[in-house]
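Colleague: Sharing entry_6.cif here; it has mmCIF, C-alpha atoms.
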```cif
data_my_file
#
loop_
_atom_site.label_atom_id
_atom_site.label_comp_id
_atom_site.auth_asym_id
_atom_site.auth_seq_id
_atom_site.Cartn_x
_atom_site.Cartn_y
_atom_site.Cartn_z
CA MET A 24 0.00 0.00 0.00
CA LEU A 25 1.18 3.49 -0.78
CA PRO A 26 1.26 6.26 1.82
CA GLU A 27 -0.50 9.51 0.99
CA ASP A 28 2.65 11.57 1.45
CA SER A 29 3.93 12.38 -2.03
CA ARG A 30 7.49 12.08 -0.79
CA THR A 31 6.98 8.34 -0.51
CA ALA A 32 4.41 7.79 -3.20
CA CYS A 33 5.57 4.46 -4.52
CA SER A 34 7.89 1.52 -4.03
CA VAL A 35 10.86 2.11 -6.31
CA VAL A 36 14.58 1.58 -5.90
CA LEU A 37 16.64 4.76 -6.22
CA LYS A 38 20.19 4.74 -7.60
CA THR A 39 22.82 7.36 -8.20
CA ASP A 40 24.90 7.78 -11.31
CA PRO A 41 27.37 4.91 -11.89
CA MET A 42 30.94 5.29 -10.72
CA THR A 43 33.58 5.28 -13.39
CA PHE A 44 35.61 2.63 -11.64
CA LEU A 45 33.01 0.65 -9.67
CA PRO A 46 30.82 -1.65 -11.79
CA PRO A 47 27.28 -0.22 -12.00
CA GLU A 48 24.65 -2.35 -10.29
CA ASP A 49 22.16 -1.77 -13.08
CA LEU A 50 21.30 0.60 -15.92
CA ARG A 51 21.01 4.18 -14.73
CA SER A 52 20.07 7.38 -16.53
CA ASP A 53 20.54 11.10 -16.24
CA PHE A 54 17.34 11.17 -14.19
CA ILE A 55 19.16 9.16 -11.40
CA PHE A 56 17.24 7.45 -11.19
CA SER A 57 8.71 -22.18 -7.72
CA ASP A 58 7.19 -24.05 -8.98
CA CYS A 59 10.52 -25.77 -9.36
CA GLY A 60 9.27 -29.30 -9.89
CA ALA A 61 12.04 -30.59 -7.66
CA SER A 62 11.88 -34.29 -6.99
CA SER A 63 14.82 -34.51 -4.62
CA PRO A 64 13.80 -35.89 -1.20
CA LEU A 65 16.22 -33.40 0.33
CA TYR A 66 13.81 -30.55 -0.34
CA PRO A 67 10.28 -31.60 0.64
CA VAL A 68 9.34 -28.04 1.65
CA TRP A 69 9.98 -26.70 -1.86
CA SER A 70 8.09 -29.42 -3.73
CA GLY A 71 5.38 -28.10 -6.01
CA GLN A 72 3.22 -31.10 -5.09
CA ARG A 73 1.75 -29.50 -1.97
CA PRO A 74 1.57 -26.08 -0.27
CA VAL A 75 4.49 -24.99 1.86
CA ASP A 76 4.05 -25.85 5.52
CA HIS A 77 5.41 -22.81 7.34
CA SER A 78 5.33 -24.63 10.66
CA MET A 79 8.30 -26.65 9.41
CA PRO A 80 11.84 -25.24 9.36
CA ALA A 81 13.22 -24.36 5.95
CA PRO A 82 15.87 -26.78 4.69
CA VAL A 83 17.90 -23.83 3.43
CA CYS A 84 18.64 -20.29 4.54
CA LEU A 85 20.15 -17.73 2.19
CA CYS A 86 22.47 -15.59 4.32
CA VAL A 87 23.90 -12.49 2.65
CA LEU A 88 27.20 -11.18 4.02
CA CYS A 89 27.90 -7.62 2.91
CA GLY A 90 30.58 -5.03 3.57
CA LEU A 91 33.52 -3.20 2.05
CA PRO A 92 36.47 -4.98 0.45
CA ALA A 93 38.93 -6.13 3.14
CA SER A 94 36.34 -5.72 5.87
CA GLY A 95 36.85 -9.37 6.85
CA LYS A 96 33.81 -11.02 5.25
CA SER A 97 35.70 -14.03 3.87
CA SER A 98 37.33 -14.72 7.24
CA LEU A 99 34.01 -14.34 9.04
CA VAL A 100 32.22 -16.67 6.63
CA GLN A 101 34.82 -19.41 7.19
CA VAL A 102 34.41 -19.21 10.97
CA ALA A 103 30.62 -19.13 10.68
CA ALA A 104 30.59 -22.13 8.34
CA ALA A 105 32.73 -24.16 10.76
CA LEU A 106 30.38 -23.36 13.67
CA MET A 107 27.34 -24.28 11.58
CA ARG A 108 28.84 -27.64 10.65
CA LYS A 109 29.36 -28.31 14.34
CA GLN A 110 25.62 -27.73 14.72
CA GLY A 111 25.04 -30.54 12.23
CA TRP A 112 24.03 -28.17 9.45
CA GLY A 113 25.37 -27.99 5.94
CA ALA A 114 27.24 -24.78 5.09
CA PHE A 115 27.66 -23.73 1.46
CA ILE A 116 29.93 -20.72 0.86
CA ILE A 117 29.32 -18.84 -2.39
CA SER A 118 32.14 -16.34 -2.93
CA TYR A 119 31.43 -14.00 -5.82
CA ASP A 120 35.15 -13.22 -6.13
CA GLN A 121 35.84 -16.88 -6.87
CA LEU A 122 32.96 -17.30 -9.32
CA ILE A 123 33.31 -14.14 -11.41
CA ALA A 124 36.29 -14.03 -13.77
CA GLU A 125 38.63 -11.02 -13.74
CA GLU A 126 37.73 -10.24 -17.35
CA ALA A 127 34.24 -9.28 -16.18
CA PHE A 128 35.78 -6.22 -14.48
CA ASP A 129 37.31 -4.86 -17.70
CA PHE A 130 35.47 -1.57 -18.27
CA ARG A 131 37.74 -0.11 -20.93
CA PRO A 132 35.94 1.78 -23.72
CA GLY A 133 34.79 -0.50 -26.51
CA VAL A 134 35.23 -3.78 -24.60
CA GLU A 135 31.47 -4.19 -24.06
CA ASP A 136 30.14 -2.49 -27.20
CA HIS A 137 28.70 -5.81 -28.43
CA LEU A 138 26.48 -6.19 -25.36
CA PRO A 139 22.85 -4.98 -25.20
CA LYS A 140 22.30 -1.47 -23.89
CA GLY A 141 22.57 -1.34 -20.11
CA GLN A 142 24.40 -4.65 -19.83
CA THR A 143 27.99 -5.21 -18.74
CA LYS A 144 30.07 -8.36 -18.38
CA TRP A 145 30.12 -7.75 -14.65
CA LYS A 146 26.33 -7.55 -14.45
CA LEU A 147 25.87 -10.60 -16.67
CA HIS A 148 28.22 -12.60 -14.47
CA ARG A 149 26.36 -11.55 -11.30
CA GLN A 150 23.12 -12.65 -12.92
CA ALA A 151 24.79 -15.95 -13.81
CA VAL A 152 25.72 -16.52 -10.15
CA LEU A 153 22.07 -15.99 -9.17
CA SER A 154 21.00 -18.42 -11.92
CA CYS A 155 23.38 -21.03 -10.52
CA LEU A 156 22.01 -20.44 -7.03
CA GLU A 157 18.44 -20.80 -8.28
CA SER A 158 19.32 -24.04 -10.04
CA PHE A 159 20.83 -25.30 -6.78
CA LEU A 160 17.64 -24.40 -4.90
CA GLN A 161 15.55 -26.27 -7.45
CA ASP A 162 17.74 -29.37 -7.37
CA PRO A 163 21.34 -29.51 -6.06
CA GLU A 164 22.20 -32.09 -8.69
CA ALA A 165 20.56 -30.26 -11.59
CA PRO A 166 22.43 -29.71 -14.88
CA SER A 167 23.69 -26.29 -15.90
CA PRO A 168 20.81 -23.79 -16.09
CA GLY A 169 20.08 -22.63 -19.60
CA GLY A 170 21.64 -19.36 -20.69
CA THR A 171 24.07 -19.18 -17.79
CA GLU A 172 27.65 -18.08 -18.45
CA SER A 173 29.42 -21.43 -18.84
CA ASP A 174 32.56 -20.36 -16.95
CA VAL A 175 30.47 -19.22 -13.97
CA TRP A 176 28.56 -22.51 -13.90
CA GLU A 177 31.80 -24.48 -14.14
CA ARG A 178 33.24 -22.60 -11.17
CA PHE A 179 29.96 -23.01 -9.28
CA SER A 180 29.97 -26.78 -9.88
CA GLN A 181 33.58 -26.99 -8.76
CA THR A 182 32.68 -25.09 -5.60
CA VAL A 183 29.86 -27.52 -4.83
CA GLU A 184 32.23 -30.44 -5.33
CA ARG A 185 35.13 -28.89 -3.43
CA GLN A 186 32.97 -28.10 -0.41
CA GLN A 187 31.37 -31.56 -0.61
CA ILE A 188 27.90 -30.03 -0.41
CA LEU A 189 25.95 -33.00 -1.78
CA PRO A 190 27.44 -35.57 0.67
CA ALA A 191 26.87 -33.09 3.50
CA LEU A 192 23.20 -32.78 2.56
CA HIS A 193 22.73 -36.54 2.55
CA GLU A 194 24.66 -37.04 5.78
CA SER A 195 23.27 -34.08 7.71
CA SER A 196 22.30 -34.94 11.29
CA SER A 197 19.30 -32.62 11.13
CA ARG A 198 16.00 -33.72 9.58
CA PRO A 199 15.03 -32.26 7.23
CA PRO A 200 18.66 -31.51 6.31
CA ARG A 201 19.38 -27.85 7.04
CA THR A 202 21.84 -25.87 4.97
CA ALA A 203 23.03 -22.29 5.31
CA VAL A 204 24.01 -20.79 1.96
CA LEU A 205 26.49 -18.02 2.80
CA LEU A 206 26.81 -15.46 0.02
CA ASP A 207 30.09 -13.59 0.33
CA ASP A 208 30.19 -10.34 -1.63
CA ASN A 209 30.24 -6.58 -1.13
CA PHE A 210 26.49 -6.23 -1.88
CA TYR A 211 26.92 -2.48 -1.48
CA TYR A 212 23.52 -1.63 -3.00
CA GLN A 213 20.44 -2.89 -1.18
CA SER A 214 18.93 -3.85 -4.54
CA MET A 215 21.72 -6.43 -4.98
CA ARG A 216 20.62 -8.02 -1.71
CA HIS A 217 16.97 -7.75 -2.67
CA GLU A 218 17.60 -10.04 -5.63
CA VAL A 219 18.64 -12.75 -3.16
CA TYR A 220 15.60 -11.99 -1.01
CA GLN A 221 13.38 -12.49 -4.05
CA LEU A 222 14.91 -15.92 -4.62
CA ALA A 223 14.29 -16.79 -0.98
CA ARG A 224 10.63 -15.84 -1.35
CA LYS A 225 10.28 -17.72 -4.63
CA TYR A 226 11.52 -20.95 -3.09
CA SER A 227 10.26 -20.38 0.47
CA THR A 228 13.69 -20.52 2.06
CA GLY A 229 14.96 -18.65 5.07
CA PHE A 230 16.66 -15.29 4.51
CA CYS A 231 18.92 -13.10 6.62
CA GLN A 232 21.74 -10.58 6.29
CA VAL A 233 25.00 -9.88 8.10
CA TYR A 234 26.60 -6.48 7.58
CA LEU A 235 30.25 -6.34 8.58
CA HIS A 236 30.98 -2.74 9.47
CA CYS A 237 34.59 -1.67 9.15
CA PRO A 238 36.13 1.84 9.08
CA VAL A 239 37.48 2.78 5.66
CA GLU A 240 40.95 3.39 7.07
CA VAL A 241 41.09 -0.16 8.45
CA CYS A 242 39.92 -1.61 5.13
CA LEU A 243 42.58 0.36 3.27
CA GLY A 244 45.30 -0.92 5.59
CA ARG A 245 44.17 -4.53 5.33
CA ASN A 246 43.80 -4.22 1.58
CA ARG A 247 47.43 -3.16 1.13
CA ASP A 248 48.52 -6.39 2.84
CA ARG A 249 46.57 -8.50 0.37
CA GLY A 250 48.22 -10.45 -2.41
CA GLN A 251 45.91 -8.89 -5.01
CA PRO A 252 44.65 -5.63 -3.53
CA VAL A 253 41.95 -3.54 -5.15
CA SER A 254 42.65 0.14 -5.65
CA ASP A 255 42.20 2.51 -2.70
CA GLU A 256 39.93 4.60 -4.90
CA VAL A 257 37.47 1.74 -5.31
CA ILE A 258 37.24 1.14 -1.56
CA VAL A 259 36.77 4.84 -0.77
CA GLU A 260 34.08 5.29 -3.40
CA MET A 261 32.30 2.08 -2.44
CA SER A 262 32.18 3.31 1.15
CA LYS A 263 30.27 6.36 -0.10
CA ARG A 264 27.83 4.17 -1.98
CA MET A 265 27.42 1.49 0.67
CA GLU A 266 23.79 1.00 1.71
CA PRO A 267 23.80 -1.00 4.97
CA PRO A 268 20.67 -3.02 5.83
CA ASN A 269 17.91 -0.65 6.91
CA ALA A 270 14.80 -2.36 8.25
CA ALA A 271 13.11 0.99 8.94
CA LYS A 272 13.20 1.80 5.23
CA ASN A 273 13.02 -1.74 3.86
CA PRO A 274 10.91 -4.11 5.98
CA TRP A 275 12.30 -7.10 4.11
CA GLU A 276 15.68 -6.38 5.77
CA ALA A 277 14.33 -7.00 9.27
CA SER A 278 16.38 -10.20 9.71
CA SER A 279 19.73 -8.45 9.72
CA LEU A 280 22.73 -8.29 12.03
CA THR A 281 25.50 -5.67 12.09
CA LEU A 282 28.90 -6.71 13.41
CA ASN A 283 31.96 -4.59 14.09
CA SER A 284 34.78 -6.01 11.98
CA THR A 285 37.48 -4.83 14.38
CA ASP A 286 35.96 -6.66 17.36
CA VAL A 287 34.00 -9.81 16.45
CA THR A 288 33.47 -11.75 19.67
CA ASP A 289 32.20 -15.24 20.50
CA THR A 290 28.95 -13.59 21.53
CA ASP A 291 28.69 -12.02 18.08
CA MET A 292 29.13 -15.42 16.46
CA GLN A 293 26.39 -16.83 18.65
CA LYS A 294 24.12 -13.99 17.52
CA LEU A 295 24.95 -14.86 13.92
CA LEU A 296 24.03 -18.52 14.50
CA GLN A 297 20.80 -17.49 16.19
CA LEU A 298 19.98 -15.22 13.24
CA VAL A 299 20.45 -18.05 10.75
CA SER A 300 18.58 -20.52 12.96
CA SER A 301 15.64 -18.13 13.23
CA ALA A 302 15.62 -17.68 9.44
CA LEU A 303 15.64 -21.46 8.99
CA GLU A 304 12.68 -21.79 11.32
CA ASN A 305 10.76 -18.98 9.61
CA PRO A 306 10.89 -19.49 5.83
CA LEU A 307 9.53 -16.73 3.66
CA ARG A 308 6.16 -17.10 2.04
CA PRO A 309 6.18 -17.50 -1.74
CA VAL A 310 5.62 -14.50 -3.96
CA GLN A 311 2.00 -13.81 -4.78
CA ASP A 312 0.88 -12.46 -8.14
CA ASP A 313 0.49 -8.76 -7.38
CA SER A 314 1.20 -7.48 -10.88
CA GLU A 315 -2.02 -5.44 -11.04
CA GLN A 316 -1.27 -3.71 -7.74
CA ARG A 317 2.31 -3.07 -8.82
CA GLU A 318 1.14 -1.48 -12.04
CA ALA A 319 -1.31 0.70 -10.14
CA ASP A 320 1.44 1.71 -7.72
CA ARG A 321 3.77 2.57 -10.57
CA GLU A 322 1.06 4.64 -12.27
CA ARG A 323 0.45 6.63 -9.09
CA CYS A 324 4.18 7.10 -8.68
CA ALA A 325 4.59 8.39 -12.24
CA SER A 326 1.66 10.78 -11.83
CA SER A 327 3.09 12.20 -8.62
CA VAL A 328 6.57 12.66 -10.09
CA VAL A 329 5.30 14.25 -13.32
CA HIS A 330 2.90 16.56 -11.46
CA GLN A 331 5.63 17.99 -9.25
CA ALA A 332 8.10 18.14 -12.13
CA ASP A 333 5.57 20.01 -14.29
CA GLN A 334 5.09 22.69 -11.63
CA ALA A 335 8.84 23.14 -11.24
CA CYS A 336 9.38 23.20 -15.02
CA ARG A 337 6.79 25.96 -15.36
CA ARG A 338 8.77 28.07 -12.93
CA LEU A 339 11.98 27.47 -14.87
CA VAL A 340 10.27 28.41 -18.12
CA SER A 341 8.84 31.59 -16.56
CA GLN A 342 12.30 32.56 -15.34
CA ALA A 343 13.70 32.01 -18.83
CA MET A 344 11.02 34.19 -20.42
CA LEU A 345 11.68 36.93 -17.87
CA THR A 346 15.38 36.81 -18.72
CA ALA A 347 14.53 37.10 -22.44
CA ARG A 348 12.33 40.16 -21.85
CA GLU A 349 15.01 41.83 -19.73
CA SER A 350 17.42 41.22 -22.62
CA ASN A 351 15.07 43.29 -24.84
CA ALA A 352 14.27 40.34 -27.11
CA SER A 353 11.79 41.16 -29.89
CA SER A 354 8.18 40.02 -29.68
CA GLU A 355 8.82 37.49 -32.45
CA VAL A 356 11.79 36.00 -30.56
CA LEU A 357 9.68 35.84 -27.40
CA ARG A 358 6.88 34.07 -29.29
CA VAL A 359 9.16 31.45 -30.81
CA LEU A 360 11.07 31.03 -27.57
CA ALA A 361 7.86 30.40 -25.61
CA LYS A 362 6.80 27.81 -28.19
CA ASP A 363 10.17 26.04 -28.12
CA LEU A 364 10.32 25.97 -24.33
CA SER A 365 6.77 24.63 -24.10
CA GLU A 366 7.55 21.85 -26.56
CA GLN A 367 10.80 21.00 -24.76
CA LYS A 368 8.95 20.83 -21.46
CA GLY A 369 6.34 18.51 -22.97
CA ARG A 370 8.98 16.15 -24.34
CA PHE A 371 10.85 16.16 -21.05
CA LEU A 372 7.76 15.32 -18.98
CA GLN A 373 6.79 12.56 -21.40
CA GLU A 374 10.26 11.01 -21.16
CA LEU A 375 10.22 11.34 -17.38
CA ARG A 376 6.87 9.59 -17.13
CA SER A 377 8.04 6.82 -19.45
CA HIS A 378 11.17 6.36 -17.34
CA VAL A 379 9.20 5.99 -14.11
CA LEU A 380 6.67 3.65 -15.72
CA HIS A 381 9.01 1.39 -17.63
CA GLU A 382 12.60 1.70 -16.46
CA LEU A 383 12.86 2.36 -12.74
CA PRO A 384 13.13 -1.01 -10.96
CA VAL A 385 10.35 -1.56 -8.46
CA SER A 386 11.08 -3.49 -5.28
CA GLU A 387 8.50 -4.37 -2.68
CA GLY A 388 8.67 -2.54 0.61
CA GLU A 389 10.88 0.31 -0.60
CA LEU A 390 9.81 3.93 -0.69
CA LEU A 391 10.58 6.48 -3.37
CA ASP A 392 11.53 10.00 -2.35
CA VAL A 393 9.56 11.79 -5.06
CA GLU A 394 11.08 15.18 -4.28
CA ARG A 395 14.56 13.75 -4.70
CA VAL A 396 13.70 12.22 -8.09
CA VAL A 397 12.12 15.48 -9.23
CA SER A 398 15.11 17.50 -8.05
CA ARG A 399 17.56 15.30 -9.96
CA ALA A 400 15.36 15.27 -13.05
CA LEU A 401 15.04 19.07 -13.04
CA THR A 402 18.81 19.34 -13.35
CA VAL A 403 18.40 17.69 -16.74
CA PHE A 404 15.53 19.97 -17.79
CA GLN A 405 17.38 23.09 -16.67
CA GLN A 406 20.22 22.19 -19.02
CA GLN A 407 17.72 21.57 -21.82
CA ARG A 408 16.12 24.95 -21.14
CA ASP A 409 19.49 26.70 -21.21
CA ASP A 410 20.28 25.01 -24.53
CA VAL A 411 17.05 26.43 -25.98
CA LEU A 412 17.99 29.91 -24.76
CA GLU A 413 21.42 29.64 -26.35
CA ARG A 414 19.89 28.63 -29.68
CA HIS A 415 18.03 31.93 -29.58
CA GLY A 416 21.17 33.87 -28.75
CA LEU A 417 20.21 34.39 -25.13
CA SER A 418 22.01 33.63 -21.91
CA ALA A 419 20.33 31.93 -18.95
CA GLY A 420 21.95 34.37 -16.54
CA ALA A 421 23.21 33.76 -13.04
CA GLY A 422 19.83 34.11 -11.41
CA VAL A 423 17.92 31.71 -13.66
#
```
I need this file expressed as structure tokens, please.

Modeller:
Amino acid sequence: MLPEDSRTACSVVLKTDPMTFLPPEDLRSDFIFSDCGASSPLYPVWSGQRPVDHSMPAPVCLCVLCGLPASGKSSLVQVAAALMRKQGWGAFIISYDQLIAEEAFDFRPGVEDHLPKGQTKWKLHRQAVLSCLESFLQDPEAPSPGGTESDVWERFSQTVERQQILPALHESSSRPPRTAVLLDDNFYYQSMRHEVYQLARKYSTGFCQVYLHCPVEVCLGRNRDRGQPVSDEVIVEMSKRMEPPNAAKNPWEASSLTLNSTDVTDTDMQKLLQLVSSALENPLRPVQDDSEQREADRERCASSVVHQADQACRRLVSQAMLTARESNASSEVLRVLAKDLSEQKGRFLQELRSHVLHELPVSEGELLDVERVVSRALTVFQQQRDDVLERHGLSAGAGV
């Protein structure tokens, strides 16, 4: 349901412009904007043959570990996995760094010209990891999912074999066998984590998050001691873009735990185990078909954004016309200028509406700051308005 306040008029994920050296999470613009049929006896809760019994614990929990590079995630995940195995659970570590090839991080001009608009090798490889995970949730012994990057699937299969996941599932001391899937990555945008949450809902698994907080200075120092360090610039910029779990803003992030990387205690590890155990005992309900409601929400969102943008654009146009009059422009110039500005405003609002309706990714439980979107969008229109003024030999002026 949408609140009446126009500042939070719809559920849409907001992003900032992509960094030049950090891979963009998804396509951005100047506006800133199962039925799995599994037959394996290991996964009776997921079977499409009967409704999910939410009184039973989930056989799997997807646990997202997020934080800056060199914050200690990989070390934490190893300790956590060892403790979970002592509990008689299976522990499956999925490290994105090990699954995604280095070539996917090559962002030199021209390298990705053959890819569809908005796609990058890095994004395609991340999607491939999720496809592998989904295939695992459907059936751990399933063949390679169609369309998945073959090198990612090969690494994923090797990881399953190296960690002896299948024998662990069969030999688990818990019934039904319980497995924690630990996803080790930066996950610096909440929308990256939301993709995992959506999988958890689709297959009625448990879901939780662990955010490893670490001061940037500590990460930089640890990073320099690594065999293959990332650049300091990447860590600093990622720290600016990091979106820690925020249950107040995103209700789906309620099952989250924040740990201090510089002082992880035994008590902290017990809290982590309790978090995962609670997620296992409380699997998410499967996604319901709410497409009609989502479309209605998006329509309301677009209307709110366009309405506020239209009012602001009118003020910008009025300021431009005032500047033209003060510059002693002829009546003919004023007439043509007014026409051109009106047409430019119409095109801009139409594009803005289309962007909100068709391009902004919508995620359940997230609120859009309409004023923020309008403010960023108006920066684009102001430049368009100034370009129109220049075509007529006029200057926008400092006060416009």

Colleague: Can you pull out the residues contacting Glu266 in chain A? Cut-off 12 Å, using all atoms listed in the file, and skip same-chain residues under 5 positions away; I want them as an NGL selection string.

Modeller: :A and (36-39 or 89-91 or 209-217 or 234-236 or 261 or 272-273 or 276)

Colleague: I'd like the neighbourhood of Ser300 in chain A as a list in words, where a residue qualifies if any of its atoms comes within 12 Å (using only C-alpha atoms), though same-chain residues fewer than 6 positions away should be ignored.

Modeller: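 So the residues in contact are Pro80, Ala81, Pro82, Val83, Cys84, Leu85, Cys86, Met107, Gln110, Gly111, Trp112, Arg201, Thr202, Ala203, Thr228, Gly229, Phe230, Cys231, Ser278, Gln293, Lys294 and Pro306 of chain A.
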
Colleague: Go through the shown structure with the PyMOL selection byres ((chain A and resi 119) around 12) and write out the matching residues as an NGL selection string.

Modeller: :A and (87-89 or 96-97 or 116-118 or 120-125 or 127 or 145-146 or 148-153 or 155-156 or 175 or 178-179 or 182 or 205-210)

Colleague: Return as lines of an AutoDock Vina configuration file the centre and edge lengths, in Å with one decimal, of the box along x, y and z that encloses every atom of range 375-380 of chain A in the file, padded by 8 Å per side.

Modeller:
```
center_x = 8.9
center_y = 7.5
center_z = -16.8
size_x = 20.5
size_y = 23.7
size_z = 21.3
```

Colleague: Mind giving me the straight-line distance from CA of Lys225 in chain A to CA of Pro309 in chain A in Å, one decimal?

Modeller: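 Calculated distance between CA of Lys225 in chain A and CA of Pro309 in chain A is 5.0 Å.
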
Colleague: Kindly give the distance, in Å, that separates CA of Val379 in chain A and CA of Lys362 in chain A, rounded to a single decimal.

Modeller: 26.1 Å
